[in-house]
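For reference, work_38.csv (CSV, C-alpha atoms):
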```csv
chain,number,residue,atom,x,y,z
A,1198,MET,CA,23.4,0.5,12.5
A,1199,ILE,CA,19.8,1.4,11.6
A,1200,LEU,CA,18.6,3.2,8.5
A,1201,HIS,CA,15.8,5.6,9.2
A,1202,THR,CA,13.6,6.9,6.4
A,1203,LEU,CA,11.7,10.2,6.7
A,1204,ASN,CA,9.0,11.3,4.3
A,1205,ARG,CA,8.0,14.6,5.8
A,1206,SER,CA,9.5,18.1,5.4
A,1207,PRO,CA,10.8,19.6,8.7
A,1208,THR,CA,8.5,22.6,8.0
A,1209,GLU,CA,5.4,20.5,7.8
A,1210,SER,CA,5.8,18.0,10.6
A,1211,ARG,CA,7.8,17.6,13.8
A,1212,VAL,CA,8.3,13.9,13.1
A,1213,TYR,CA,11.8,14.6,12.1
A,1214,ARG,CA,12.5,15.3,15.7
A,1215,GLN,CA,11.3,11.9,16.7
A,1216,ALA,CA,13.5,10.3,14.1
A,1217,LEU,CA,16.5,12.3,15.3
A,1218,ALA,CA,15.8,11.4,19.0
A,1219,ALA,CA,15.6,7.7,18.1
A,1220,MET,CA,18.9,7.7,16.1
A,1221,GLY,CA,22.0,6.1,17.5
A,1222,PRO,CA,25.4,7.6,16.9
A,1223,ASP,CA,26.1,5.4,13.8
A,1224,ASP,CA,22.6,5.4,12.4
A,1225,ARG,CA,21.7,7.0,9.0
A,1226,LEU,CA,18.8,9.1,7.9
A,1227,LEU,CA,17.4,9.0,4.3
A,1228,LEU,CA,15.1,11.7,3.2
A,1229,ILE,CA,12.4,10.4,0.8
A,1230,GLU,CA,9.2,11.8,-0.8
A,1231,ASP,CA,8.3,15.2,0.7
A,1232,GLY,CA,11.1,14.6,3.2
A,1233,VAL,CA,13.7,15.6,0.5
A,1234,GLN,CA,12.8,19.2,1.1
A,1235,GLY,CA,14.8,18.9,4.3
A,1236,ALA,CA,17.9,18.7,2.0
A,1237,LEU,CA,17.6,22.4,1.0
A,1238,PRO,CA,20.4,24.5,2.5
A,1239,SER,CA,17.9,26.6,4.5
A,1240,LEU,CA,16.3,23.6,6.1
A,1241,VAL,CA,19.1,21.2,6.5
A,1242,ARG,CA,20.1,22.8,9.8
A,1243,HIS,CA,17.1,21.0,11.4
A,1244,PHE,CA,19.1,17.8,11.2
A,1245,GLY,CA,21.9,19.2,13.3
A,1246,GLU,CA,25.3,17.4,13.0
A,1247,LEU,CA,24.6,14.4,10.9
A,1248,ASP,CA,27.9,14.6,9.0
A,1249,GLY,CA,28.1,11.7,6.5
A,1250,GLN,CA,24.9,10.2,7.8
A,1251,LEU,CA,22.2,12.3,6.0
A,1252,PHE,CA,21.0,11.1,2.6
A,1253,ALA,CA,18.4,12.1,0.2
A,1254,LEU,CA,16.8,10.1,-2.6
A,1255,ARG,CA,17.8,11.5,-6.0
A,1256,GLU,CA,14.6,10.5,-7.8
A,1257,ASP,CA,12.4,12.4,-5.3
A,1258,LEU,CA,14.6,15.4,-5.5
A,1259,GLU,CA,14.5,15.4,-9.3
A,1260,ALA,CA,10.8,15.0,-9.5
A,1261,ARG,CA,10.4,18.1,-7.3
A,1262,GLY,CA,13.0,20.2,-9.2
A,1263,LEU,CA,15.3,20.2,-6.2
A,1264,ALA,CA,18.2,18.1,-7.4
A,1265,GLY,CA,20.5,21.0,-8.0
A,1266,ARG,CA,19.5,22.8,-4.8
A,1267,CYS,CA,20.7,20.3,-2.1
A,1268,ALA,CA,23.0,21.4,0.7
A,1269,ALA,CA,26.6,20.2,0.2
A,1270,GLU,CA,26.6,17.9,3.2
A,1271,VAL,CA,23.6,15.8,2.0
A,1272,LEU,CA,24.6,12.6,0.3
A,1273,VAL,CA,22.4,12.0,-2.7
A,1274,VAL,CA,21.6,8.4,-3.6
A,1275,ASP,CA,19.5,6.8,-6.3
A,1276,ALA,CA,17.1,3.8,-5.9
A,1277,ASP,CA,20.1,1.5,-6.2
A,1278,GLY,CA,21.8,3.4,-3.4
A,1279,PHE,CA,18.7,3.2,-1.3
A,1280,VAL,CA,18.8,-0.6,-1.5
A,1281,THR,CA,22.5,-0.5,-0.7
A,1282,LEU,CA,21.7,1.5,2.4
A,1283,THR,CA,19.2,-1.1,3.5
A,1284,GLU,CA,21.7,-3.9,2.9
A,1285,GLU,CA,24.3,-2.1,5.1
A,1286,ALA,CA,21.8,-1.4,7.9
A,1287,ASP,CA,20.7,-4.1,10.3
A,1288,LYS,CA,17.1,-2.8,9.9
A,1289,THR,CA,15.2,0.0,8.5
A,1290,VAL,CA,12.6,2.2,10.4
A,1291,SER,CA,10.1,4.4,8.6
A,1292,TRP,CA,9.1,7.8,10.1
A,1293,PHE,CA,6.1,9.5,8.6
B,1071,MET,CA,19.1,-11.3,0.7
B,1072,ARG,CA,15.4,-12.0,1.3
B,1073,TYR,CA,13.4,-8.8,1.3
B,1074,ALA,CA,9.9,-8.0,2.5
B,1075,LEU,CA,8.1,-4.6,2.0
B,1076,LEU,CA,5.3,-3.2,4.2
B,1077,VAL,CA,3.1,-0.8,2.3
B,1078,GLN,CA,0.8,1.4,4.5
B,1079,GLY,CA,-0.2,4.2,2.1
B,1080,GLY,CA,-3.2,4.2,-0.1
B,1081,PRO,CA,-2.7,4.3,-3.9
B,1082,TYR,CA,-2.6,7.7,-5.6
B,1083,SER,CA,-3.4,9.7,-2.5
B,1084,ARG,CA,0.1,9.2,-1.1
B,1085,GLN,CA,3.5,8.4,-2.7
B,1086,ALA,CA,4.1,5.3,-0.5
B,1087,ALA,CA,3.0,2.7,-3.2
B,1088,HIS,CA,5.0,4.4,-5.9
B,1089,SER,CA,8.0,4.5,-3.6
B,1090,ALA,CA,7.5,0.8,-2.7
B,1091,LEU,CA,7.3,-0.2,-6.4
B,1092,ARG,CA,10.4,1.7,-7.4
B,1093,PHE,CA,12.3,0.3,-4.4
B,1094,ALA,CA,11.0,-3.2,-5.4
B,1095,GLU,CA,12.5,-2.8,-8.9
B,1096,ALA,CA,15.8,-1.7,-7.4
B,1097,VAL,CA,15.9,-4.6,-4.9
B,1098,ILE,CA,15.3,-7.1,-7.8
B,1099,ALA,CA,17.9,-5.4,-10.0
B,1100,ARG,CA,20.4,-6.0,-7.2
B,1101,ARG,CA,19.6,-9.7,-7.4
B,1102,HIS,CA,17.9,-9.9,-4.0
B,1103,ARG,CA,14.7,-11.9,-3.6
B,1104,LEU,CA,11.6,-9.8,-3.0
B,1105,GLU,CA,9.6,-12.5,-1.3
B,1106,THR,CA,6.7,-10.6,0.3
B,1107,VAL,CA,4.8,-7.3,0.0
B,1108,PHE,CA,2.5,-6.9,3.0
B,1109,PHE,CA,-0.3,-4.3,2.8
B,1110,TYR,CA,-1.6,-2.8,6.0
B,1111,HIS,CA,-3.5,0.4,7.1
B,1112,ASP,CA,-4.7,2.2,3.9
B,1113,GLY,CA,-2.1,0.3,2.0
B,1114,VAL,CA,-4.8,-2.4,1.5
B,1115,TYR,CA,-6.4,-0.3,-1.1
B,1116,ASN,CA,-3.5,-1.1,-3.4
B,1117,ALA,CA,-5.2,-4.5,-3.9
B,1118,ALA,CA,-8.5,-3.1,-5.2
B,1119,ARG,CA,-9.3,-5.2,-8.3
B,1120,LEU,CA,-11.6,-2.5,-9.6
B,1121,ALA,CA,-9.0,0.3,-9.7
B,1122,ALA,CA,-9.2,2.0,-13.1
B,1123,PRO,CA,-6.6,4.8,-13.3
B,1124,PRO,CA,-6.3,6.9,-16.5
B,1125,GLN,CA,-4.1,5.2,-19.1
B,1126,ASP,CA,-1.3,7.7,-18.8
B,1127,GLU,CA,-0.8,7.0,-15.1
B,1128,PRO,CA,1.0,4.1,-13.6
B,1129,HIS,CA,-1.4,1.2,-12.8
B,1130,LEU,CA,-0.3,0.5,-9.3
B,1131,VAL,CA,-2.5,-2.7,-8.9
B,1132,ASP,CA,-1.1,-4.1,-12.1
B,1133,ARG,CA,2.5,-3.2,-11.1
B,1134,PHE,CA,2.1,-5.1,-7.8
B,1135,ARG,CA,0.5,-8.0,-9.7
B,1136,ALA,CA,3.5,-8.1,-12.0
B,1137,LEU,CA,5.8,-8.5,-9.1
B,1138,HIS,CA,4.0,-11.7,-8.3
B,1139,GLU,CA,3.8,-13.0,-11.9
B,1140,VAL,CA,7.4,-12.2,-12.8
B,1141,HIS,CA,9.2,-12.6,-9.5
B,1142,GLY,CA,6.9,-14.8,-7.4
B,1143,THR,CA,6.5,-12.1,-4.8
B,1144,GLN,CA,3.7,-12.9,-2.4
B,1145,LEU,CA,1.1,-10.1,-2.1
B,1146,LYS,CA,-0.4,-10.3,1.4
B,1147,VAL,CA,-3.2,-8.1,2.5
B,1148,CYS,CA,-4.1,-7.8,6.2
B,1149,ILE,CA,-7.6,-9.3,6.4
B,1150,ALA,CA,-8.7,-7.2,9.4
B,1151,ALA,CA,-7.6,-3.9,7.8
B,1152,GLY,CA,-9.0,-5.0,4.4
B,1153,LEU,CA,-12.5,-6.1,5.5
B,1154,ARG,CA,-13.0,-2.8,7.4
B,1155,ARG,CA,-12.2,-0.9,4.2
B,1156,GLY,CA,-14.2,-3.0,1.8
B,1157,LEU,CA,-11.4,-5.2,0.4
B,1158,LEU,CA,-13.0,-8.7,0.3
B,1159,ASP,CA,-12.1,-11.7,-1.8
B,1160,GLU,CA,-14.8,-13.9,-3.3
B,1161,ARG,CA,-14.9,-16.1,-0.2
B,1162,GLU,CA,-15.2,-13.3,2.3
B,1163,ALA,CA,-17.8,-11.5,0.1
B,1164,ALA,CA,-19.9,-14.7,0.2
B,1165,ARG,CA,-19.4,-15.0,3.9
B,1166,HIS,CA,-20.6,-11.5,4.4
B,1167,GLY,CA,-23.5,-11.7,2.0
B,1168,LYS,CA,-22.0,-9.2,-0.6
B,1169,GLN,CA,-22.8,-9.4,-4.2
B,1170,GLY,CA,-19.4,-8.4,-5.6
B,1171,TYR,CA,-15.8,-8.9,-4.4
B,1172,SER,CA,-13.0,-6.4,-4.6
B,1173,LEU,CA,-9.8,-8.4,-4.2
B,1174,GLU,CA,-8.6,-11.4,-6.1
B,1175,ALA,CA,-5.4,-13.5,-6.7
B,1176,PRO,CA,-2.5,-13.0,-6.7
B,1177,PHE,CA,-3.4,-10.7,-3.7
B,1178,GLU,CA,-4.4,-12.8,-0.7
B,1179,LEU,CA,-6.1,-11.9,2.5
B,1180,THR,CA,-3.9,-13.0,5.4
B,1181,GLY,CA,-3.6,-12.5,9.1
B,1182,LEU,CA,-1.4,-9.9,10.7
B,1183,GLY,CA,0.8,-12.7,12.0
B,1184,GLN,CA,2.2,-13.0,8.5
B,1185,LEU,CA,3.6,-9.5,8.8
B,1186,ILE,CA,5.4,-10.4,12.1
B,1187,ASP,CA,6.6,-13.6,10.5
B,1188,ALA,CA,7.9,-11.7,7.4
B,1189,GLY,CA,9.6,-9.1,9.6
B,1190,LEU,CA,11.4,-11.8,11.6
B,1191,SER,CA,12.1,-14.4,9.0
B,1192,HIS,CA,13.2,-12.2,6.0
B,1193,ASP,CA,16.6,-10.5,6.1
B,1194,ARG,CA,15.1,-7.1,5.6
B,1195,LEU,CA,11.7,-5.4,6.1
B,1196,ILE,CA,11.3,-2.0,4.5
B,1197,THR,CA,8.2,0.1,5.3
B,1198,PHE,CA,6.6,2.6,3.0
B,1199,SER,CA,4.1,4.7,5.0
B,1200,PRO,CA,1.7,7.5,3.9
C,473,MET,CA,15.8,1.2,32.0
C,474,HIS,CA,14.8,-2.3,33.0
C,475,ASP,CA,16.9,-5.1,31.6
C,476,GLU,CA,13.9,-7.0,30.2
C,477,SER,CA,13.2,-4.3,27.7
C,478,MET,CA,16.4,-5.3,26.0
C,479,ASN,CA,15.2,-8.9,25.5
C,480,GLY,CA,12.2,-8.3,23.3
C,481,GLU,CA,12.1,-9.5,19.7
C,482,VAL,CA,9.5,-7.1,18.4
C,483,LEU,CA,9.3,-3.4,19.2
C,484,VAL,CA,6.1,-1.6,18.4
C,485,ILE,CA,6.4,2.1,18.4
C,486,LEU,CA,3.1,4.0,19.0
C,487,ARG,CA,3.1,7.6,18.1
C,488,HIS,CA,-0.5,8.5,17.6
C,489,ALA,CA,-3.3,9.4,19.9
C,490,PRO,CA,-6.5,7.4,20.3
C,491,HIS,CA,-9.6,8.1,18.1
C,492,GLY,CA,-8.0,10.6,15.7
C,493,SER,CA,-6.7,7.9,13.4
C,494,SER,CA,-6.4,4.1,13.3
C,495,TRP,CA,-2.7,4.1,13.7
C,496,LEU,CA,-2.8,3.4,17.5
C,497,ARG,CA,-5.4,0.6,17.2
C,498,GLU,CA,-3.6,-1.0,14.2
C,499,GLY,CA,-0.3,-0.7,16.0
C,500,LEU,CA,-1.7,-2.4,19.1
C,501,ASP,CA,-3.2,-5.1,16.9
C,502,ALA,CA,0.2,-5.8,15.5
C,503,ALA,CA,1.6,-6.0,19.0
C,504,LEU,CA,-1.1,-8.4,20.2
C,505,VAL,CA,-0.7,-10.7,17.2
C,506,ALA,CA,3.0,-10.8,17.6
C,507,ALA,CA,2.5,-11.7,21.3
C,508,ALA,CA,-0.2,-14.3,20.4
C,509,PHE,CA,2.4,-15.9,18.1
C,510,GLY,CA,4.7,-16.3,21.1
C,511,ARG,CA,7.0,-13.3,20.3
C,512,ARG,CA,8.3,-11.1,23.1
C,513,VAL,CA,6.9,-7.7,22.5
C,514,THR,CA,7.9,-4.3,23.8
C,515,LEU,CA,5.7,-1.2,23.4
C,516,LEU,CA,7.3,2.2,23.1
C,517,PHE,CA,5.0,5.2,23.3
C,518,ILE,CA,6.5,8.5,22.0
C,519,GLY,CA,5.1,11.9,21.0
C,520,GLU,CA,1.3,11.9,20.9
C,521,GLY,CA,1.4,8.2,21.5
C,522,VAL,CA,1.7,8.8,25.3
C,523,THR,CA,-1.8,10.0,25.4
C,524,ALA,CA,-2.9,6.5,24.5
C,525,LEU,CA,-2.1,5.6,28.1
C,526,VAL,CA,-4.2,8.3,29.8
C,527,ALA,CA,-6.7,6.9,32.2
C,528,GLY,CA,-10.4,7.6,31.8
C,529,GLN,CA,-10.8,7.2,28.0
C,530,GLY,CA,-14.1,6.2,26.5
C,531,ALA,CA,-15.8,5.1,23.3
C,532,GLY,CA,-16.3,7.7,20.6
C,533,ALA,CA,-19.6,9.5,19.9
C,534,LEU,CA,-20.6,6.8,17.3
C,535,GLY,CA,-19.7,4.1,19.7
C,536,GLN,CA,-16.4,3.5,18.1
C,537,LYS,CA,-14.1,1.6,20.4
C,538,GLY,CA,-11.4,3.3,22.3
C,539,THR,CA,-8.1,1.7,23.0
C,540,GLN,CA,-8.4,1.4,26.8
C,541,PRO,CA,-10.0,-2.1,26.6
C,542,THR,CA,-7.1,-3.2,24.4
C,543,LEU,CA,-4.5,-1.8,26.8
C,544,GLU,CA,-6.1,-3.6,29.7
C,545,MET,CA,-5.6,-6.8,27.8
C,546,LEU,CA,-1.9,-6.4,27.3
C,547,ALA,CA,-1.0,-8.3,30.5
C,548,MET,CA,-3.1,-11.2,29.3
C,549,TYR,CA,-0.8,-11.4,26.3
C,550,ASP,CA,2.3,-11.1,28.4
C,551,ILE,CA,3.1,-7.7,27.1
C,552,ASP,CA,4.4,-6.0,30.2
C,553,THR,CA,7.3,-3.9,28.9
C,554,LEU,CA,5.7,-0.5,28.3
C,555,LEU,CA,8.3,2.2,27.6
C,556,VAL,CA,7.3,5.8,27.5
C,557,GLU,CA,9.3,8.8,26.3
C,558,ARG,CA,9.7,10.9,29.4
C,559,GLN,CA,9.9,14.2,27.4
C,560,ALA,CA,6.6,13.5,25.7
C,561,LEU,CA,4.9,13.2,29.1
C,562,ASP,CA,6.6,16.4,30.3
C,563,GLU,CA,5.5,18.3,27.3
C,564,ARG,CA,1.9,17.4,28.0
C,565,GLY,CA,2.0,18.0,31.7
C,566,LEU,CA,1.4,14.3,32.4
C,567,GLY,CA,3.1,12.1,34.9
C,568,THR,CA,3.2,8.3,35.3
C,569,ALA,CA,0.4,8.6,37.9
C,570,ASP,CA,-1.9,9.8,35.1
C,571,LEU,CA,-1.5,6.6,33.2
C,572,LEU,CA,-3.5,3.4,33.1
C,573,LEU,CA,-0.7,1.0,33.4
C,574,PRO,CA,2.7,0.9,35.0
C,575,VAL,CA,5.4,2.1,32.6
C,576,THR,CA,9.1,2.7,32.4
C,577,THR,CA,10.1,6.2,31.3
C,578,LEU,CA,13.0,6.7,29.0
C,579,ALA,CA,15.4,9.5,28.8
C,580,PRO,CA,16.5,10.5,25.2
C,581,PRO,CA,19.7,8.4,25.0
C,582,GLU,CA,17.7,5.3,25.9
C,583,LEU,CA,15.5,5.6,22.8
C,584,ALA,CA,18.2,4.6,20.3
C,585,ALA,CA,19.4,1.7,22.5
C,586,THR,CA,15.8,0.4,22.6
C,587,LEU,CA,15.5,0.4,18.8
C,588,ALA,CA,18.9,-1.2,18.4
C,589,ALA,CA,18.1,-4.0,20.8
C,590,HIS,CA,15.0,-5.3,19.0
C,591,PRO,CA,15.4,-7.4,15.8
C,592,LEU,CA,12.0,-6.2,14.4
C,593,VAL,CA,10.9,-2.6,14.8
C,594,LEU,CA,7.4,-1.5,13.6
C,595,ASN,CA,6.7,2.2,13.7
C,596,PHE,CA,3.1,3.3,13.8
```
Output the file's structure as structure tokens, nothing else.
Amino acid sequence: MILHTLNRSPTESRVYRQALAAMGPDDRLLLIEDGVQGALPSLVRHFGELDGQLFALREDLEARGLAGRCAAEVLVVDADGFVTLTEEADKTVSWF
Amino acid sequence: MRYALLVQGGPYSRQAAHSALRFAEAVIARRHRLETVFFYHDGVYNAARLAAPPQDEPHLVDRFRALHEVHGTQLKVCIAAGLRRGLLDEREAARHGKQGYSLEAPFELTGLGQLIDAGLSHDRLITFSP
Amino acid sequence: MHDESMNGEVLVILRHAPHGSSWLREGLDAALVAAAFGRRVTLLFIGEGVTALVAGQGAGALGQKGTQPTLEMLAMYDIDTLLVERQALDERGLGTADLLLPVTTLAPPELAATLAAHPLVLNF
């Protein structure tokens, strides 16, 4: 299982499509930095059916005033949770 | 676990260095060893010894330096990416006939082979890009 | 997909075009160094990265080096597994005959398998 990180909003860059295309069935996607905008209910549809595999970094959400505005299906993790995701994954790939 | 980070974003212009430092703290708090931070692409600017940010902003260079001083993390700067961008240690500055130098210990100029080595020999390599 | 692509140790993903940024050059540098250190390297060109392989590139207006000379050196470094996202070629109206070097094109499901098969993945 690979952890993919994404730091771009789906409205600003198409790189999210590259990340999705490169994801295996068990892989996980963590939204960080500007990528956390993708966790908004109106944008989360760009990530299709990533049930239980789509994460967003709490600190980046909070810093942007978006912590309470996440779509329900997005799993919010803190920095400790980010590290845990990297422990659980065989490797981590950064999309930017 | 043994961790390595790859930082490819310049300081202050992108969030990558902030993200990397926050992640570094969390890695250490979970009792992993953060052995290496490798700086590539515009990430090499994080090693600039003359960086003088306002006092009310995080001092990214000092924060990376502290990782070395407190936790023994090696701070490796790609020499090819660094020289192109004006990041020279005292030795390279002398070799290129420059009056000043812009990078000093604990940051060290190293070859890109060290990145490949870190990627394959550490348990985890996490990249922070611009 | 050819079997040898599954055997590499280092996968370098190239997603940027020549000249517009240093990502392509710095990504290729990482690949060459890995190969010089005796690692088996696979290159994967996706998105705009496929334009790196278009024949007939030159130096920039200031004489800045293009990437074609580097690409022509790949064989010398035993980097001969060049994978290309088929969809990225299609989107740009390009075919394998437009490219400098022989490549293997990948359909979408093969991308994930390629990433999974390499212990080290560097994404540029």
Note to self: What does the structure give for the distance between CA of Thr539 in chain C and CA of Leu561 in chain C, in Å to one decimal?
What the structure shows: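 Spanning CA of Thr539 in chain C to CA of Leu561 in chain C is a straight-line distance of 18.4 Å.
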Select, as a PDB file with C-alpha atoms, in the coordinates of the input, those residues of chain B with any atom no more than 8 Å from chain C (distances computed using only C-alpha atoms).
```
ATOM      1  CA  HIS B1111      -3.500   0.400   7.100  1.00  0.00           C
ATOM      2  CA  LEU B1182      -1.400  -9.900  10.700  1.00  0.00           C
ATOM      3  CA  GLY B1183       0.800 -12.700  12.000  1.00  0.00           C
ATOM      4  CA  ILE B1186       5.400 -10.400  12.100  1.00  0.00           C
ATOM      5  CA  GLY B1189       9.600  -9.100   9.600  1.00  0.00           C
ATOM      6  CA  LEU B1190      11.400 -11.800  11.600  1.00  0.00           C
TER       7      LEU B1190
END
```
Could you list the residues in chain B lying within 7 Å of chain A, using only C-alpha atoms, and format the result as a PDB file with C-alpha atoms, keeping the file's coordinate frame?
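The resulting file, selection.pdb, is shown below:
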```pdb
ATOM      1  CA  GLN B1085       3.500   8.400  -2.700  1.00  0.00           C
ATOM      2  CA  PHE B1093      12.300   0.300  -4.400  1.00  0.00           C
ATOM      3  CA  ALA B1096      15.800  -1.700  -7.400  1.00  0.00           C
ATOM      4  CA  VAL B1097      15.900  -4.600  -4.900  1.00  0.00           C
ATOM      5  CA  ARG B1194      15.100  -7.100   5.600  1.00  0.00           C
ATOM      6  CA  LEU B1195      11.700  -5.400   6.100  1.00  0.00           C
ATOM      7  CA  ILE B1196      11.300  -2.000   4.500  1.00  0.00           C
ATOM      8  CA  THR B1197       8.200   0.100   5.300  1.00  0.00           C
ATOM      9  CA  PHE B1198       6.600   2.600   3.000  1.00  0.00           C
ATOM     10  CA  SER B1199       4.100   4.700   5.000  1.00  0.00           C
ATOM     11  CA  PRO B1200       1.700   7.500   3.900  1.00  0.00           C
TER      12      PRO B1200
END
```
Notebook entry, point to check: By how many Å are CA of Arg1225 in chain A and CA of Leu1075 in chain B apart?
Noted result: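 Going from CA of Arg1225 in chain A over to CA of Leu1075 in chain B, I get 19.2 Å.
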Margin query: Env of Val1273 in chain A: 7 Å cut, atoms = only C-alpha atoms, seq-sep filter 6 positions within chain, self excluded. Answer as a PyMOL selection string.
Written below: chain A and resi 1252-1255
C-alpha atoms of the current selection, written as a PDB file, in the frame of the given file:
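Result went into out_25.pdb, see below:
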```pdb
ATOM      1  CA  PHE A1252      21.000  11.100   2.600  1.00  0.00           C
ATOM      2  CA  ALA A1253      18.400  12.100   0.200  1.00  0.00           C
ATOM      3  CA  LEU A1254      16.800  10.100  -2.600  1.00  0.00           C
ATOM      4  CA  ARG A1255      17.800  11.500  -6.000  1.00  0.00           C
TER       5      ARG A1255
END
```
Any chance you could tabulate, as a Markdown table, the residues of chain A at most 6 Å from chain C with each one's nearest atom pair and distance in Å to one decimal, using only C-alpha atoms, in chain and rising number order?
```
| residue | atom | partner | partner_atom | distance |
| --- | --- | --- | --- | --- |
| A:Ala1219 | CA | C:Ala584 | CA | 4.6 |
| A:Met1220 | CA | C:Ala584 | CA | 5.3 |
| A:Gly1221 | CA | C:Ala584 | CA | 5.0 |
```
Which polymer residues, protein or nucleic acid, are no farther than 10 Å from (27.2, 19.3, 1.8), counting all atoms listed in the file, as an mmCIF file with C-alpha atoms, in the frame of the given file?
```
data_model
loop_
_atom_site.group_PDB
_atom_site.id
_atom_site.type_symbol
_atom_site.label_atom_id
_atom_site.label_comp_id
_atom_site.auth_asym_id
_atom_site.auth_seq_id
_atom_site.Cartn_x
_atom_site.Cartn_y
_atom_site.Cartn_z
ATOM 1 C CA ALA A 1236 17.900 18.700 2.000
ATOM 2 C CA PRO A 1238 20.400 24.500 2.500
ATOM 3 C CA VAL A 1241 19.100 21.200 6.500
ATOM 4 C CA ASP A 1248 27.900 14.600 9.000
ATOM 5 C CA GLY A 1249 28.100 11.700 6.500
ATOM 6 C CA LEU A 1251 22.200 12.300 6.000
ATOM 7 C CA CYS A 1267 20.700 20.300 -2.100
ATOM 8 C CA ALA A 1268 23.000 21.400 0.700
ATOM 9 C CA ALA A 1269 26.600 20.200 0.200
ATOM 10 C CA GLU A 1270 26.600 17.900 3.200
ATOM 11 C CA VAL A 1271 23.600 15.800 2.000
ATOM 12 C CA LEU A 1272 24.600 12.600 0.300
ATOM 13 C CA VAL A 1273 22.400 12.000 -2.700
#
```
Checklist line | Contact residues around range 530-534 of chain C with all atoms listed in the file at 10 Å, ignoring same-chain residues under 5 positions, as a list in words | finding: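 In the requested form, the answer reads Pro490, His491, Thr539, Gln540 and Pro541 of chain C.
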Next item on the list: In Å, rounded to a single decimal, give me how far CA of His1129 in chain B is from CA of His1088 in chain B.
Entry: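 So the two atoms, CA of His1088 in chain B and CA of His1129 in chain B, lie 9.9 Å apart.
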Check: Excluding same-chain residues fewer than 2 positions from Thr523 in chain C, what lies within 12 Å of it counting all atoms listed in the file, as a PyMOL selection string?
Finding: chain C and resi 486-492+496+517-521+525-529+539-540+556-557+560-568+570-572
Export of prior selection with C-alpha atoms as a CSV table (one decimal), keeping the file's coordinate frame:
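Full text of selection.csv as output:
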```csv
chain,number,residue,atom,x,y,z
C,486,LEU,CA,3.1,4.0,19.0
C,487,ARG,CA,3.1,7.6,18.1
C,488,HIS,CA,-0.5,8.5,17.6
C,489,ALA,CA,-3.3,9.4,19.9
C,490,PRO,CA,-6.5,7.4,20.3
C,491,HIS,CA,-9.6,8.1,18.1
C,492,GLY,CA,-8.0,10.6,15.7
C,496,LEU,CA,-2.8,3.4,17.5
C,517,PHE,CA,5.0,5.2,23.3
C,518,ILE,CA,6.5,8.5,22.0
C,519,GLY,CA,5.1,11.9,21.0
C,520,GLU,CA,1.3,11.9,20.9
C,521,GLY,CA,1.4,8.2,21.5
C,525,LEU,CA,-2.1,5.6,28.1
C,526,VAL,CA,-4.2,8.3,29.8
C,527,ALA,CA,-6.7,6.9,32.2
C,528,GLY,CA,-10.4,7.6,31.8
C,529,GLN,CA,-10.8,7.2,28.0
C,539,THR,CA,-8.1,1.7,23.0
C,540,GLN,CA,-8.4,1.4,26.8
C,556,VAL,CA,7.3,5.8,27.5
C,557,GLU,CA,9.3,8.8,26.3
C,560,ALA,CA,6.6,13.5,25.7
C,561,LEU,CA,4.9,13.2,29.1
C,562,ASP,CA,6.6,16.4,30.3
C,563,GLU,CA,5.5,18.3,27.3
C,564,ARG,CA,1.9,17.4,28.0
C,565,GLY,CA,2.0,18.0,31.7
C,566,LEU,CA,1.4,14.3,32.4
C,567,GLY,CA,3.1,12.1,34.9
C,568,THR,CA,3.2,8.3,35.3
C,570,ASP,CA,-1.9,9.8,35.1
C,571,LEU,CA,-1.5,6.6,33.2
C,572,LEU,CA,-3.5,3.4,33.1
```
Check: Of the residues B:Leu1137, B:Leu1130, B:Ile1098, B:Leu1153, which is the one nearest to Ala1117 in chain B, using only C-alpha atoms?
Finding: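 The answer is B:Leu1130, which sits nearest to Ala1117 in chain B.
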Notebook entry, point to check: So which one's closest to Gly1142 in chain B, B:Ser1089, B:Thr1180, B:Gln1078, B:Thr1106? Using all atoms listed in the file, please.
Noted result: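 So, comparing all the options, the nearest one is B:Thr1106.
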Margin query: Nearest residue to Tyr1082 in chain B out of B:Asp1159, B:Asp1112, B:Asp1193, B:Glu1139, using all atoms listed in the file?
Written below: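 With all atoms listed in the file as the atom set, the closest residue is B:Asp1112.
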Note to self: Which residue is closest to Asp1187 in chain B? Choose from B:Ala1074, B:Gly1167, B:His1141, B:Arg1103 and count all atoms listed in the file.
What the structure shows: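 Result for the nearest residue to Asp1187 in chain B: B:Ala1074.
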Check: Residues at most 9 Å from Val1107 in chain B, counting all atoms listed in the file, excluding those fewer than 2 positions away in the same chain, as a ChimeraX atom specification?
Finding: /B:1073-1077,1090,1104-1105,1109,1134,1143-1147
Check: Which of these, B:Gln1184, B:Ser1083, B:Ser1172, B:Gln1125, has the shortest distance to Phe1108 in chain B once you count only C-alpha atoms?
Finding: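 Closest residue, counting only C-alpha atoms: B:Gln1184.
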